[in-house]
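See below for the structure under consideration.
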Amino acid sequence: MKVTLERSALLKSLGHVHRVVERRNTIPILSNVLLSASGDGLQLKATDLDLEVTEITPADIGQKGATTLPAHTLYEIVRKLPDGAQVSLEAGDNGQLQLRSGRSRFNLQSLPEGDFPDLATGDLTHAFKIAAPELKRLIDKTQFAISNEETRYYLNGVFMHVAEVDGQAFLRAVATDGHRLARLETPAPSGAVGMPGIIIPRKAVAEVQKLIEDPEAEIGVELSSTKIRFTIGPVVLTTKLIDGSFPDYARVIPTQNDKFLTVERKDFAEAVDRVSTISSERGRAVKLAVSEGKLVLSVTNPDSGSAVEELEVDYDGGALEIGFNARYLLDIAGQLDSDTALFKMNDSGSPTIIMDRDGASALYVLMPMRV
């Protein structure tokens, strides 16, 4: 194998694929990236056996062939080369690859490409295209609510399915950790109707989010009940899906909440941030006391004192006191797009709905805390 290409092109492609490779691996080949030189250019592929990313980058192919090299070492070498440099990769017969650029020479130990695993996809039964901003928004607005509890593995990802609302099909993304729930919907692309409900793992969701760099792009999505493939420009990401049943989330979205509170989002978030400064790390509870036209935020910590802040709000229900985790409130406030936040409440023991406004495409549910 003999290949010459621009340092910037190689660095960009390595940046996309090397993130998949875990820092610690018991299987040596999984620490490597597969380099395949063919008529199309240089293909780079990396995998952790659950997730696979491939990308083809333009290159001058002197001799076709393939080899595998340590992913993170190769990335660091290329990153430290000067801008505008040409990089030459040449595989020898001694199990080593020589990388040359300017006056730099590196001899890197390679592993045979035949040992590199392939993530067989099988038949992908459904395919559709979605605009990059739409997919990015589905991920951005729900990702924060993914559970980190490994025992509830079916919550360790974003649930995507098609739901029908008033005769119109919507593609929905839902994530929950049992304390909060995020749900976002967008009109379903043609081809998505009839797809199975799928749970995309946390790591794959984060990678797709990073790979969406061009806001004008259209992303190809192909899926079955066990795998999903995203084609984002020259990058193809394939991942296994979480094998489990996502809970019936509709049951935890309250329908009887009749106390509506509207507050300036920025003022509210800053006030929560201020009063929560003295809360203990273990129980970051902030109390919201709502009465007509007024919201009082308060935190009491036996070890360090108390804090109170008052805000003007639009509220005409009965007086109510309810407690929430301050960090969860700030997380949700950070996801809202408008200048105001709408809270739909019932009582101090029931979940609260938070959204930009009535009928918004993004909806958040937050469980209360005892205060």
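Identifiers in the structure tokens: chain A, B, ... in order shown; residue index from 1 per chain; ligand index from 1 in order shown.
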
What are the nearest atom pairs, with distances in Å to one decimal, for all residues of range 9-118 of chain A that come at most 10 Å from range 185-205 of chain A, using only C-alpha atoms, set out by chain and rising residue number as JSON lines?
{"residue": "A:Val20", "atom": "CA", "partner": "A:Lys203", "partner_atom": "CA", "distance": 8.5}
{"residue": "A:Asp50", "atom": "CA", "partner": "A:Ala204", "partner_atom": "CA", "distance": 9.0}
{"residue": "A:Leu51", "atom": "CA", "partner": "A:Ala204", "partner_atom": "CA", "distance": 6.9}
{"residue": "A:Glu52", "atom": "CA", "partner": "A:Ala204", "partner_atom": "CA", "distance": 9.2}
{"residue": "A:Val53", "atom": "CA", "partner": "A:Ala204", "partner_atom": "CA", "distance": 9.9}

Hey, what's within 12 Å of Thr238 in chain A if we count only C-alpha atoms and toss same-chain stuff fewer than 3 positions away? As a ChimeraX atom specification, please?
-> /A:17,20,45-55,118-122,124,200-201,203-205,207-208,220-224,226-232,235,241

Export of prior selection with N, CA, C and O atoms as a short mmCIF file (atom, residue, chain, number, x, y, z; two decimals), in the first residue's frame:
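File produced: part_36.cif:
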data_model
loop_
_atom_site.label_atom_id
_atom_site.label_comp_id
_atom_site.auth_asym_id
_atom_site.auth_seq_id
_atom_site.Cartn_x
_atom_site.Cartn_y
_atom_site.Cartn_z
N VAL A 17 -13.23 9.31 12.80
CA VAL A 17 -13.29 7.87 13.11
C VAL A 17 -12.59 7.48 14.41
O VAL A 17 -13.01 6.54 15.07
N VAL A 20 -14.32 6.74 18.03
CA VAL A 20 -15.04 5.49 18.31
C VAL A 20 -14.14 4.51 19.09
O VAL A 20 -14.63 3.70 19.87
N LYS A 45 -11.59 3.15 8.69
CA LYS A 45 -12.68 2.50 9.41
C LYS A 45 -12.25 2.20 10.84
O LYS A 45 -11.13 1.74 11.07
N ALA A 46 -13.12 2.51 11.80
CA ALA A 46 -12.85 2.19 13.21
C ALA A 46 -14.11 1.60 13.83
O ALA A 46 -15.23 1.92 13.41
N THR A 47 -13.93 0.74 14.83
CA THR A 47 -15.09 0.08 15.46
C THR A 47 -14.79 -0.27 16.91
O THR A 47 -13.63 -0.39 17.30
N ASP A 48 -15.87 -0.39 17.71
CA ASP A 48 -15.74 -0.95 19.07
C ASP A 48 -16.62 -2.20 19.21
O ASP A 48 -16.98 -2.60 20.31
N LEU A 49 -16.98 -2.78 18.08
CA LEU A 49 -17.85 -3.97 17.92
C LEU A 49 -19.34 -3.65 18.05
O LEU A 49 -20.17 -4.44 17.64
N ASP A 50 -19.69 -2.49 18.62
CA ASP A 50 -21.10 -2.07 18.67
C ASP A 50 -21.36 -0.94 17.68
O ASP A 50 -22.47 -0.76 17.19
N LEU A 51 -20.31 -0.16 17.42
CA LEU A 51 -20.42 1.05 16.61
C LEU A 51 -19.28 1.05 15.60
O LEU A 51 -18.15 0.71 15.95
N GLU A 52 -19.59 1.42 14.37
CA GLU A 52 -18.56 1.43 13.33
C GLU A 52 -18.69 2.73 12.52
O GLU A 52 -19.80 3.12 12.16
N VAL A 53 -17.55 3.40 12.29
CA VAL A 53 -17.56 4.62 11.48
C VAL A 53 -16.58 4.44 10.34
O VAL A 53 -15.43 4.02 10.55
N THR A 54 -17.00 4.73 9.11
CA THR A 54 -16.10 4.68 7.95
C THR A 54 -16.17 6.00 7.20
O THR A 54 -17.21 6.68 7.21
N GLU A 55 -15.07 6.35 6.58
CA GLU A 55 -15.04 7.57 5.75
C GLU A 55 -14.02 7.38 4.64
O GLU A 55 -12.94 6.82 4.86
N ASP A 118 -15.76 -6.82 11.05
CA ASP A 118 -16.71 -6.12 10.20
C ASP A 118 -18.07 -6.20 10.86
O ASP A 118 -18.52 -7.28 11.26
N LEU A 119 -18.74 -5.05 11.00
CA LEU A 119 -20.05 -5.03 11.65
C LEU A 119 -21.11 -5.32 10.59
O LEU A 119 -21.56 -4.43 9.89
N ALA A 120 -21.47 -6.60 10.45
CA ALA A 120 -22.44 -7.00 9.41
C ALA A 120 -23.80 -6.40 9.74
O ALA A 120 -24.30 -6.52 10.86
N THR A 121 -24.41 -5.72 8.76
CA THR A 121 -25.67 -5.03 9.04
C THR A 121 -26.90 -5.89 8.81
O THR A 121 -27.93 -5.66 9.42
N GLY A 122 -26.81 -6.89 7.93
CA GLY A 122 -28.01 -7.62 7.57
C GLY A 122 -28.92 -6.72 6.75
O GLY A 122 -28.50 -5.70 6.20
N LEU A 124 -31.47 -3.90 6.10
CA LEU A 124 -32.01 -2.68 6.73
C LEU A 124 -33.36 -2.41 6.06
O LEU A 124 -33.42 -2.12 4.87
N ILE A 200 -31.51 4.16 20.25
CA ILE A 200 -30.14 4.41 19.75
C ILE A 200 -29.23 4.65 20.96
O ILE A 200 -29.51 5.54 21.77
N PRO A 201 -28.14 3.87 21.09
CA PRO A 201 -27.29 3.98 22.28
C PRO A 201 -26.65 5.36 22.46
O PRO A 201 -26.44 6.09 21.49
N LYS A 203 -23.63 6.42 23.14
CA LYS A 203 -22.38 6.72 22.43
C LYS A 203 -22.64 7.04 20.96
O LYS A 203 -22.05 7.98 20.41
N ALA A 204 -23.54 6.28 20.33
CA ALA A 204 -23.85 6.53 18.91
C ALA A 204 -24.54 7.89 18.75
O ALA A 204 -24.25 8.63 17.79
N VAL A 205 -25.42 8.22 19.67
CA VAL A 205 -26.12 9.51 19.62
C VAL A 205 -25.10 10.66 19.69
O VAL A 205 -25.17 11.63 18.92
N GLU A 207 -21.92 10.58 18.87
CA GLU A 207 -21.10 10.60 17.66
C GLU A 207 -21.85 11.25 16.50
O GLU A 207 -21.30 12.05 15.75
N VAL A 208 -23.12 10.88 16.32
CA VAL A 208 -23.92 11.47 15.24
C VAL A 208 -23.99 12.98 15.42
O VAL A 208 -23.83 13.76 14.47
N GLY A 220 -28.86 10.47 5.26
CA GLY A 220 -29.54 9.23 4.93
C GLY A 220 -29.61 8.34 6.16
O GLY A 220 -28.61 8.15 6.86
N VAL A 221 -30.78 7.82 6.45
CA VAL A 221 -30.98 6.93 7.60
C VAL A 221 -31.55 5.61 7.10
O VAL A 221 -32.56 5.60 6.38
N GLU A 222 -30.88 4.51 7.43
CA GLU A 222 -31.39 3.16 7.10
C GLU A 222 -31.41 2.38 8.40
O GLU A 222 -30.47 2.46 9.19
N LEU A 223 -32.47 1.61 8.61
CA LEU A 223 -32.56 0.92 9.90
C LEU A 223 -33.34 -0.37 9.81
O LEU A 223 -34.13 -0.59 8.88
N SER A 224 -33.08 -1.23 10.79
CA SER A 224 -33.89 -2.43 11.02
C SER A 224 -34.17 -2.45 12.52
O SER A 224 -33.91 -1.47 13.22
N THR A 226 -32.58 -4.09 14.66
CA THR A 226 -31.36 -4.35 15.44
C THR A 226 -30.21 -3.39 15.14
O THR A 226 -29.29 -3.25 15.94
N LYS A 227 -30.26 -2.71 13.97
CA LYS A 227 -29.15 -1.81 13.61
C LYS A 227 -29.68 -0.56 12.92
O LYS A 227 -30.78 -0.57 12.36
N ILE A 228 -28.85 0.50 12.95
CA ILE A 228 -29.19 1.73 12.22
C ILE A 228 -27.91 2.26 11.59
O ILE A 228 -26.83 2.14 12.15
N ARG A 229 -28.07 2.84 10.38
CA ARG A 229 -26.92 3.41 9.66
C ARG A 229 -27.25 4.84 9.28
O ARG A 229 -28.31 5.12 8.72
N PHE A 230 -26.31 5.75 9.59
CA PHE A 230 -26.44 7.16 9.21
C PHE A 230 -25.38 7.47 8.16
O PHE A 230 -24.20 7.17 8.37
N THR A 231 -25.79 8.06 7.04
CA THR A 231 -24.84 8.50 6.03
C THR A 231 -24.82 10.02 6.04
O THR A 231 -25.79 10.68 5.65
N ILE A 232 -23.68 10.56 6.53
CA ILE A 232 -23.54 12.01 6.71
C ILE A 232 -22.40 12.47 5.81
O ILE A 232 -21.23 12.40 6.18
N VAL A 235 -19.16 10.32 5.47
CA VAL A 235 -19.03 9.49 6.67
C VAL A 235 -20.24 8.57 6.80
O VAL A 235 -21.38 9.01 6.63
N LEU A 241 -28.44 -1.44 17.90
CA LEU A 241 -29.44 -0.76 18.73
C LEU A 241 -29.54 -1.47 20.08
O LEU A 241 -29.12 -2.62 20.22
#

For Ser245 in chain A: contacts at 8 Å, only C-alpha atoms, fewer than 2 positions along chain excluded, given as a list in words |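 The residues that qualify are Tyr154, Asp243 and Pro247 of chain A.
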
Keeping C-alpha atoms, export the residues of the selection given above as a PDB file, in the first residue's frame.
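Result went into out34.pdb, see below:
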ATOM      1  CA  TYR A 154     -33.098   0.284  28.004  1.00  0.00           C
ATOM      2  CA  ASP A 243     -32.081  -4.692  22.649  1.00  0.00           C
ATOM      3  CA  PRO A 247     -41.229   2.108  28.768  1.00  0.00           C
TER       4      PRO A 247
END

d(CA of Phe246 in chain A, CA of Ile332 in chain A) in Å =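 These atoms are spaced 21.5 Å apart.
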
How far is it from CA of Ser38 in chain A to CA of Asn107 in chain A, in Å with one decimal?
->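 Taking CA of Ser38 in chain A as the start and CA of Asn107 in chain A as the end point, the length is 22.2 Å.
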
Can you pull out every residue within 12 Å of Leu74 in chain A, counting only C-alpha atoms, but drop anything in the same chain fewer than 2 positions away, and send it as a ChimeraX atom specification?
-> /A:7,10-11,13-15,17-18,31-35,44,68-72,76-81,87,89,97-99,106-110
